Amino acid sequence: LATAGASGVWLWSVAREELGLAPRSFGQFQSDTIRGIAFADGGRTLVASGRHTACVWDLGTGAEIRLKAAADIEGIVATPRVDQVVTFSTHNVVVWNTTTGEALHTLPVAGHIRRVAASGTGDVIAACSSPSSSVERLETTVWNVETGLRLRTYVSEQSSFDPMWKHCRVAVGRGRPP
């Protein structure tokens with residue numbers, strides 16, 4: 001179990017015999033609000049994002065890699081790939097190499113990004129966004145992670161129940177719909 005707050009990230013053991021023990025503390029974000037947290041690599045890696053920085057921790061060794069973003073980070077998405085993580089800002093999705101800390105691809109989006117998801121294999125990512133000029137449409141853009149190429153953009157009309165797309169969600173699966 002991982003929790004995050006204004007002063008850092010903590011890893012808790014939920015093993016029956018260890019309930020109630022103090023958490024293991026990870027990096028300080030120095031007055032940076034934690035905006036996202038996730039496990040990656042089958043639970044062996046913990047990733048978290050603050051406003052300008054994302055961190056990747058190897059839970060076995062405690063080694064830390066900091067990813068410095070050019071724009072405010074809105075959230076972070078773990079992928080099944082051991083060496084990659086995805087962050088997103090208002091108008092960009094960034095694919096990072098978690099071994100080197102290098103930004104592999106910066107994928108621009110015309111609208112305001114609401115959510116990002118990775119496929120179960122980690123080879124495709126998708127971002128749903130609302131165009132800057134309109135809240136009447138939702139666009140979901142899909143990219144190939146390896147090449148950074150945009151595969152397709154899907155457009156949905158506005159729902160009268162959610163006029164600002166505050167509750168949009170995106171998930172990427174395998175195969176074709178029935």
# chains A, B, ... in the order shown; residues from 1 in each chain; ligands from 1

call {"tool": "residues_around", "arguments": {"residues": "Gly148 in chain A", "least_positions_apart": "6", "cutoff": "9 Å", "atoms": "only C-alpha atoms", "output": "list in words"}}
result
Val95, Leu104, His105, Thr106 and Leu107 of chain A

call {"tool": "residues_around", "arguments": {"residues": "Val86 in chain A", "least_positions_apart": "3", "cutoff": "6 Å", "atoms": "only C-alpha atoms", "output": "number ranges by chain"}}
result
A: 76-77, 94-95

call {"tool": "residues_around", "arguments": {"residues": "Ile65 in chain A", "least_positions_apart": "5", "cutoff": "8 Å", "atoms": "only C-alpha atoms", "output": "list in words"}}
result
Cys55, Val56, Trp57, Thr98, Thr99, Thr100 and Gly101 of chain A

call {"tool": "closest_atom_pairs", "arguments": {"of": "range 62-124 of chain A", "to": "range 46-53 of chain A", "cutoff": "12 Å", "atoms": "only C-alpha atoms", "output": "CSV"}}
result
residue,atom,partner,partner_atom,distance
A:Gly62,CA,A:Leu46,CA,9.9
A:Ala63,CA,A:Leu46,CA,10.6
A:Glu64,CA,A:Leu46,CA,9.6
A:Ile65,CA,A:Val47,CA,9.6
A:Arg66,CA,A:Thr53,CA,6.6
A:Leu67,CA,A:Thr53,CA,5.6
A:Lys68,CA,A:Thr53,CA,5.0
A:Ala69,CA,A:His52,CA,5.6
A:Ala70,CA,A:His52,CA,7.4
A:Ala71,CA,A:His52,CA,6.7
A:Asp72,CA,A:Arg51,CA,5.2
A:Ile73,CA,A:Arg51,CA,5.0
A:Glu74,CA,A:Arg51,CA,6.9
A:Gly75,CA,A:Ser49,CA,6.3
A:Ile76,CA,A:Ser49,CA,6.0
A:Val77,CA,A:Val47,CA,8.3
A:Ala78,CA,A:Val47,CA,7.2
A:Thr79,CA,A:Val47,CA,10.5
A:Val82,CA,A:Leu46,CA,11.2
A:Asp83,CA,A:Val47,CA,11.8
A:Gln84,CA,A:Val47,CA,10.5
A:Val85,CA,A:Val47,CA,8.0
A:Val86,CA,A:Val47,CA,9.9
A:Thr87,CA,A:Ser49,CA,7.9
A:Phe88,CA,A:Ser49,CA,9.8
A:Ser89,CA,A:Arg51,CA,9.3
A:Thr90,CA,A:Arg51,CA,11.7
A:Trp96,CA,A:Val47,CA,11.7
A:Thr98,CA,A:Val47,CA,9.6
A:Gly101,CA,A:Thr53,CA,11.0

call {"tool": "residues_around", "arguments": {"residues": "Leu151 in chain A", "least_positions_apart": "2", "cutoff": "12 Å", "atoms": "only C-alpha atoms", "output": "PyMOL selection string"}}
result
chain A and resi 107+123-127+140-149+153-154

call {"tool": "residues_around", "arguments": {"residues": "Pro80 in chain A", "least_positions_apart": "6", "cutoff": "7 Å", "atoms": "only C-alpha atoms", "output": "list in words"}}
result
Ala40, Asp41, Gly120, Thr121 and Gly122 of chain A

call {"tool": "closest_residue", "arguments": {"among": "A:Leu11, A:Val109, A:Leu59, A:Ala117", "to": "Glu139 in chain A", "atoms": "only C-alpha atoms"}}
result
A:Val109
